[in-house]
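**Student:** The structure file my_file27.cif (mmCIF, C-alpha atoms) is provided below.
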data_entry
loop_
_atom_site.label_atom_id
_atom_site.label_comp_id
_atom_site.auth_asym_id
_atom_site.auth_seq_id
_atom_site.Cartn_x
_atom_site.Cartn_y
_atom_site.Cartn_z
CA MET A 30 178.83 105.04 38.55
CA SER A 31 177.64 106.49 35.29
CA PHE A 32 176.03 109.59 36.77
CA LEU A 33 179.29 110.61 38.41
CA ARG A 34 181.31 111.02 35.20
CA ARG A 35 181.86 114.19 33.21
CA ARG A 36 180.98 114.15 29.56
CA SER A 37 183.88 114.94 27.25
CA ALA A 38 181.95 116.94 24.64
CA THR A 39 180.16 120.05 25.88
CA PRO A 40 176.50 120.07 24.79
CA ALA A 41 174.39 123.20 24.49
CA GLY A 42 173.26 122.52 28.05
CA PRO A 43 175.22 121.50 31.14
CA ASP A 44 178.67 119.95 30.96
CA PHE A 45 177.79 117.57 33.79
CA ASP A 46 175.27 114.78 34.09
CA VAL A 47 171.97 115.82 35.64
CA LEU A 48 170.65 113.48 38.30
CA ALA A 49 166.85 113.58 38.64
CA MET A 50 163.71 111.52 38.08
CA ASP A 51 163.00 110.49 34.51
CA PRO A 52 160.13 112.59 33.11
CA GLY A 53 158.48 109.37 31.92
CA ASP A 54 158.25 108.22 35.54
CA TRP A 55 156.40 111.37 36.62
CA PRO A 56 152.63 111.65 36.04
CA GLY A 57 152.50 115.47 36.03
CA ASN A 58 154.21 118.26 34.10
CA LEU A 59 157.96 118.77 34.01
CA GLY A 60 159.88 121.99 33.45
CA ALA A 61 163.64 122.46 33.32
CA GLY A 62 165.72 125.57 33.84
CA LEU A 63 169.40 126.25 33.17
CA LEU A 64 171.42 128.78 35.14
CA PRO A 65 173.76 130.40 32.60
CA ALA A 66 177.02 132.14 33.46
CA PRO A 67 178.13 135.27 31.57
CA ASP A 68 180.58 133.12 29.56
CA GLY A 69 177.77 130.82 28.40
CA SER A 70 178.69 127.89 30.63
CA CYS A 71 176.01 126.19 32.67
CA GLN A 72 176.08 126.99 36.40
CA GLY A 73 173.28 124.60 37.28
CA VAL A 74 170.11 122.85 36.24
CA PHE A 75 166.86 122.63 38.13
CA LEU A 76 163.83 120.52 37.26
CA ARG A 77 160.34 121.42 38.40
CA TYR A 78 157.88 118.56 38.78
CA ASP A 79 154.24 119.72 38.85
CA LEU A 80 151.64 117.32 40.14
CA PHE A 81 149.05 119.92 41.00
CA GLY A 82 147.57 120.64 37.56
CA GLY A 83 149.26 123.99 37.05
CA ARG A 84 148.71 125.22 40.61
CA GLY A 85 152.38 124.94 41.50
CA PRO A 86 155.17 122.41 41.74
CA ALA A 87 155.26 119.42 44.01
CA MET A 88 159.04 119.16 43.80
CA ILE A 89 162.16 120.90 42.52
CA ILE A 90 165.44 119.03 42.02
CA GLY A 91 168.58 121.09 41.48
CA ASN A 92 172.03 120.08 40.27
CA LEU A 93 174.63 122.78 40.97
CA PRO A 94 178.30 122.22 40.08
CA GLN A 95 181.18 123.45 42.19
CA GLY A 96 181.65 127.20 41.73
CA SER A 97 177.99 127.91 40.96
CA PRO A 98 176.96 131.18 42.65
CA ALA A 99 173.58 129.60 43.49
CA ARG A 100 175.39 127.31 45.96
CA GLU A 101 176.59 130.26 48.04
CA VAL A 102 173.97 130.93 50.70
CA ALA A 103 174.36 132.75 54.00
CA GLU A 104 173.88 131.07 57.37
CA GLY A 105 170.18 130.28 57.86
CA GLU A 106 169.31 131.15 54.25
CA VAL A 107 167.35 128.59 52.22
CA PRO A 108 168.89 126.83 49.21
CA PHE A 109 168.20 128.13 45.70
CA GLU A 110 165.72 125.31 45.03
CA VAL A 111 163.60 126.17 48.08
CA ALA A 112 163.52 129.82 46.98
CA GLN A 113 162.41 128.70 43.49
CA LEU A 114 159.71 126.49 45.01
CA LEU A 115 158.36 129.39 47.09
CA LEU A 116 158.46 131.70 44.07
CA ALA A 117 156.57 129.20 41.91
CA LEU A 118 153.95 128.78 44.64
CA GLU A 119 153.67 132.58 44.94
CA ASN A 120 154.46 132.22 48.62
CA ASP A 121 156.27 135.34 49.84
CA GLU A 122 156.59 134.17 53.45
CA GLU A 123 160.13 134.41 54.77
CA VAL A 124 161.53 130.92 55.29
CA THR A 125 164.81 130.11 57.03
CA VAL A 126 166.87 127.01 57.79
CA VAL A 127 166.53 126.22 61.49
CA GLY A 128 168.65 123.05 61.59
CA THR A 129 170.26 120.19 59.68
CA GLU A 130 170.66 116.48 60.20
CA ASP A 131 173.06 114.16 58.34
CA MET A 132 171.89 110.64 57.59
CA PRO A 133 173.21 107.74 55.50
CA VAL A 134 171.03 106.57 52.59
CA MET A 135 171.69 103.78 50.09
CA GLN A 136 171.15 104.48 46.39
CA GLY A 137 171.63 101.11 44.74
CA ASP A 138 175.12 100.03 45.81
CA ASN A 139 176.17 103.57 46.71
CA LEU A 140 176.11 105.19 50.12
CA LEU A 141 175.00 108.83 50.19
CA ILE A 142 175.35 111.15 53.16
CA VAL A 143 172.14 113.16 52.93
CA ARG A 144 171.61 116.43 54.79
CA ARG A 145 168.01 116.96 55.82
CA LEU A 146 167.32 120.66 56.22
CA LYS A 147 164.76 121.65 58.83
CA LEU A 148 162.97 124.80 57.68
CA SER A 149 160.79 127.34 59.45
CA GLU A 150 158.00 126.42 56.97
CA SER A 151 157.07 122.86 57.95
CA ARG A 152 155.26 122.14 54.66
CA ILE A 153 158.60 122.20 52.80
CA SER A 154 160.87 119.15 52.88
CA CYS A 155 164.44 119.65 51.71
CA VAL A 156 167.45 117.35 51.38
CA GLN A 157 170.91 117.78 49.86
CA PHE A 158 173.80 115.52 48.97
CA ASP A 159 177.14 115.94 47.22
CA ARG A 160 178.11 113.72 44.31
CA SER A 161 181.71 112.61 43.80
CA ASP A 162 182.02 115.02 40.83
CA ASN A 163 181.29 117.96 43.19
CA VAL A 164 177.75 118.54 41.95
CA LEU A 165 175.36 119.41 44.78
CA VAL A 166 171.91 117.84 44.41
CA THR A 167 169.08 119.53 46.30
CA ILE A 168 165.52 118.24 46.45
CA ALA A 169 162.77 120.54 47.73
CA ALA A 170 159.19 119.24 48.01
CA TRP A 171 155.98 121.01 48.94
CA ASP A 172 153.56 119.42 51.39
CA ARG A 173 155.02 115.91 51.14
CA PRO A 174 157.88 114.20 52.96
CA ILE A 175 160.99 113.08 51.09
CA THR A 176 161.39 109.36 51.80
CA ASP A 177 164.29 107.00 51.10
CA ASP A 178 162.26 105.51 48.20
CA LEU A 179 162.86 108.70 46.21
CA TYR A 180 166.61 108.08 45.96
CA ALA A 181 165.96 104.84 44.05
CA LEU A 182 164.14 106.87 41.36
CA LEU A 183 167.06 109.25 40.76
CA LYS A 184 169.08 108.60 37.61
CA PRO A 185 171.08 110.58 35.06
CA LEU A 186 168.90 112.21 32.42
CA PRO A 187 169.97 112.08 28.76
CA ALA A 188 171.95 115.10 27.57
CA GLU A 189 169.46 115.53 24.69
CA LEU A 190 166.90 116.86 27.18
CA PHE A 191 169.07 119.97 27.55
CA GLN A 192 170.05 120.54 23.91
CA GLN A 193 168.88 123.76 22.34
CA GLY A 194 166.73 122.94 19.35
#
Would you write out, as structure tokens, the structure that this file holds?
**Tutor:**
Amino acid sequence: MSFLRRRSATPAGPDFDVLAMDPGDWPGNLGAGLLPAPDGSCQGVFLRYDLFGGRGPAMIIGNLPQGSPAREVAEGEVPFEVAQLLLALENDEEVTVVGTEDMPVMQGDNLLIVRRLKLSESRISCVQFDRSDNVLVTIAAWDRPITDDLYALLKPLPAELFQQG
């Protein structure tokens, strides 16, 4: 699978393929953020999809490689992407993870084991899955469920999107 390979040359952005929805497939605004490490390496990428005309994101998709400090969360603590979603929405309510459920989902010919996180804020939907290259993908959505159809839209984005110009 092409999105599960590592690129040999290190671009100015991440040294791993970023799995998300193509910006051309999204009718709203898209923003991308890189999580830099002190040594300049990329510790993760998150994409913010805004459908609400500047009033906040509808969805955040994060790609965090193994060893990224953003992956380390305490028991009951929300993933980095959920915290970013709440921050962008200027929602300072404390939200916690109250449960998880594993479920199989097909993405093309590939079987993913997706963890659905149940949160104390019911308007947030959140799912996570691990890729075979040890990158954790987290999808957090505001006020809309995450359905199996979404996984069919996920694809690797071109490295040029993350090049510094």
**Student:** Could you check which of A:Tyr180, A:Phe75, A:Phe109, A:Phe45 is closest to Asn139 of chain A, using only C-alpha atoms?
**Tutor:**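 Closest residue, counting only C-alpha atoms: A:Tyr180.
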**Student:** Since I can't run it myself right now, could you work out what the PyMOL selection byres ((chain A and resi 122-136) around 8) selects here and report it as a PDB file with C-alpha atoms, in the frame of the given file?
**Tutor:**
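Saved to expr-v6.pdb:
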ATOM      1  CA  GLY A 105     170.180 130.280  57.860  1.00  0.00           C
ATOM      2  CA  GLU A 106     169.310 131.150  54.250  1.00  0.00           C
ATOM      3  CA  VAL A 107     167.350 128.590  52.220  1.00  0.00           C
ATOM      4  CA  ASN A 120     154.460 132.220  48.620  1.00  0.00           C
ATOM      5  CA  ASP A 121     156.270 135.340  49.840  1.00  0.00           C
ATOM      6  CA  GLY A 137     171.630 101.110  44.740  1.00  0.00           C
ATOM      7  CA  ASP A 138     175.120 100.030  45.810  1.00  0.00           C
ATOM      8  CA  ASN A 139     176.170 103.570  46.710  1.00  0.00           C
ATOM      9  CA  LEU A 140     176.110 105.190  50.120  1.00  0.00           C
ATOM     10  CA  LEU A 141     175.000 108.830  50.190  1.00  0.00           C
ATOM     11  CA  ILE A 142     175.350 111.150  53.160  1.00  0.00           C
ATOM     12  CA  VAL A 143     172.140 113.160  52.930  1.00  0.00           C
ATOM     13  CA  ARG A 144     171.610 116.430  54.790  1.00  0.00           C
ATOM     14  CA  ARG A 145     168.010 116.960  55.820  1.00  0.00           C
ATOM     15  CA  LEU A 146     167.320 120.660  56.220  1.00  0.00           C
ATOM     16  CA  LYS A 147     164.760 121.650  58.830  1.00  0.00           C
ATOM     17  CA  LEU A 148     162.970 124.800  57.680  1.00  0.00           C
ATOM     18  CA  SER A 149     160.790 127.340  59.450  1.00  0.00           C
ATOM     19  CA  GLU A 150     158.000 126.420  56.970  1.00  0.00           C
ATOM     20  CA  ASP A 177     164.290 107.000  51.100  1.00  0.00           C
ATOM     21  CA  TYR A 180     166.610 108.080  45.960  1.00  0.00           C
ATOM     22  CA  ALA A 181     165.960 104.840  44.050  1.00  0.00           C
TER      23      ALA A 181
END
**Student:** Could you pull out every residue with an atom within 12 Å of (167.3, 124.5, 33.0), file coordinates, counting all atoms listed in the file, and send them as a PDB file with C-alpha atoms, keeping the file's coordinate frame?
**Tutor:**
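Result file result.pdb:
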ATOM      1  CA  ALA A  41     174.390 123.200  24.490  1.00  0.00           C
ATOM      2  CA  GLY A  42     173.260 122.520  28.050  1.00  0.00           C
ATOM      3  CA  PRO A  43     175.220 121.500  31.140  1.00  0.00           C
ATOM      4  CA  VAL A  47     171.970 115.820  35.640  1.00  0.00           C
ATOM      5  CA  LEU A  59     157.960 118.770  34.010  1.00  0.00           C
ATOM      6  CA  GLY A  60     159.880 121.990  33.450  1.00  0.00           C
ATOM      7  CA  ALA A  61     163.640 122.460  33.320  1.00  0.00           C
ATOM      8  CA  GLY A  62     165.720 125.570  33.840  1.00  0.00           C
ATOM      9  CA  LEU A  63     169.400 126.250  33.170  1.00  0.00           C
ATOM     10  CA  LEU A  64     171.420 128.780  35.140  1.00  0.00           C
ATOM     11  CA  PRO A  65     173.760 130.400  32.600  1.00  0.00           C
ATOM     12  CA  CYS A  71     176.010 126.190  32.670  1.00  0.00           C
ATOM     13  CA  GLN A  72     176.080 126.990  36.400  1.00  0.00           C
ATOM     14  CA  GLY A  73     173.280 124.600  37.280  1.00  0.00           C
ATOM     15  CA  VAL A  74     170.110 122.850  36.240  1.00  0.00           C
ATOM     16  CA  PHE A  75     166.860 122.630  38.130  1.00  0.00           C
ATOM     17  CA  LEU A  76     163.830 120.520  37.260  1.00  0.00           C
ATOM     18  CA  ARG A  77     160.340 121.420  38.400  1.00  0.00           C
ATOM     19  CA  ILE A  89     162.160 120.900  42.520  1.00  0.00           C
ATOM     20  CA  ILE A  90     165.440 119.030  42.020  1.00  0.00           C
ATOM     21  CA  GLY A  91     168.580 121.090  41.480  1.00  0.00           C
ATOM     22  CA  ASN A  92     172.030 120.080  40.270  1.00  0.00           C
ATOM     23  CA  LEU A  93     174.630 122.780  40.970  1.00  0.00           C
ATOM     24  CA  ALA A 188     171.950 115.100  27.570  1.00  0.00           C
ATOM     25  CA  LEU A 190     166.900 116.860  27.180  1.00  0.00           C
ATOM     26  CA  PHE A 191     169.070 119.970  27.550  1.00  0.00           C
ATOM     27  CA  GLN A 192     170.050 120.540  23.910  1.00  0.00           C
ATOM     28  CA  GLN A 193     168.880 123.760  22.340  1.00  0.00           C
TER      29      GLN A 193
END
**Student:** Using the chain letters and numbers from the file, which residues does the PyMOL selection byres ((chain A and resi 54) around 12) grab, as a PDB file with C-alpha atoms, in the frame of the given file?
**Tutor:**
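Once written, result34.pdb looks like this:
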ATOM      1  CA  ALA A  49     166.850 113.580  38.640  1.00  0.00           C
ATOM      2  CA  MET A  50     163.710 111.520  38.080  1.00  0.00           C
ATOM      3  CA  ASP A  51     163.000 110.490  34.510  1.00  0.00           C
ATOM      4  CA  PRO A  52     160.130 112.590  33.110  1.00  0.00           C
ATOM      5  CA  GLY A  53     158.480 109.370  31.920  1.00  0.00           C
ATOM      6  CA  TRP A  55     156.400 111.370  36.620  1.00  0.00           C
ATOM      7  CA  PRO A  56     152.630 111.650  36.040  1.00  0.00           C
ATOM      8  CA  GLY A  57     152.500 115.470  36.030  1.00  0.00           C
ATOM      9  CA  ASN A  58     154.210 118.260  34.100  1.00  0.00           C
ATOM     10  CA  LEU A  59     157.960 118.770  34.010  1.00  0.00           C
ATOM     11  CA  TYR A  78     157.880 118.560  38.780  1.00  0.00           C
ATOM     12  CA  LEU A 179     162.860 108.700  46.210  1.00  0.00           C
ATOM     13  CA  ALA A 181     165.960 104.840  44.050  1.00  0.00           C
ATOM     14  CA  LEU A 182     164.140 106.870  41.360  1.00  0.00           C
ATOM     15  CA  LEU A 183     167.060 109.250  40.760  1.00  0.00           C
ATOM     16  CA  LYS A 184     169.080 108.600  37.610  1.00  0.00           C
ATOM     17  CA  LEU A 186     168.900 112.210  32.420  1.00  0.00           C
TER      18      LEU A 186
END
**Student:** So that I can see what lies close to Ile153 of chain A, please list as a list of chain:residue names the residues with an atom at most 9 Å from it, counting all atoms listed in the file and leaving out residues fewer than 6 positions away in the same chain.
**Tutor:** A:Val111, A:Leu114, A:Lys147, A:Ala169, A:Ala170, A:Trp171, A:Asp172, A:Arg173, A:Pro174
**Student:** Using Å and a single decimal, report how far atom CA of Glu110 of chain A sits from atom CA of Val164 of chain A.
**Tutor:** 14.1 Å
**Student:** So which one's closest to Asp159 of chain A, A:Ser70, A:Thr176, A:Gln95, A:Gln113? Using only C-alpha atoms, please.
**Tutor:**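 Nearest candidate to Asp159 of chain A out of A:Ser70, A:Thr176, A:Gln95, A:Gln113: A:Gln95.
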**Student:** Go ahead and compute the interatomic distance for atom CA of Leu48 of chain A and atom CA of Glu189 of chain A, in Å to one decimal.
**Tutor:**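 Between these atoms lies a distance of 13.8 Å.
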**Student:** One decimal, in Å: what's the spacing between atom CA of Ile175 of chain A and atom CA of Ser154 of chain A?
**Tutor:**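 So the two atoms, atom CA of Ile175 of chain A and atom CA of Ser154 of chain A, lie 6.3 Å apart.
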**Student:** May I ask which of the residues A:Leu165, A:Leu115, A:Pro185, A:Ala87 is the closest one to Arg100 of chain A, counting only C-alpha atoms?
**Tutor:** A:Leu165
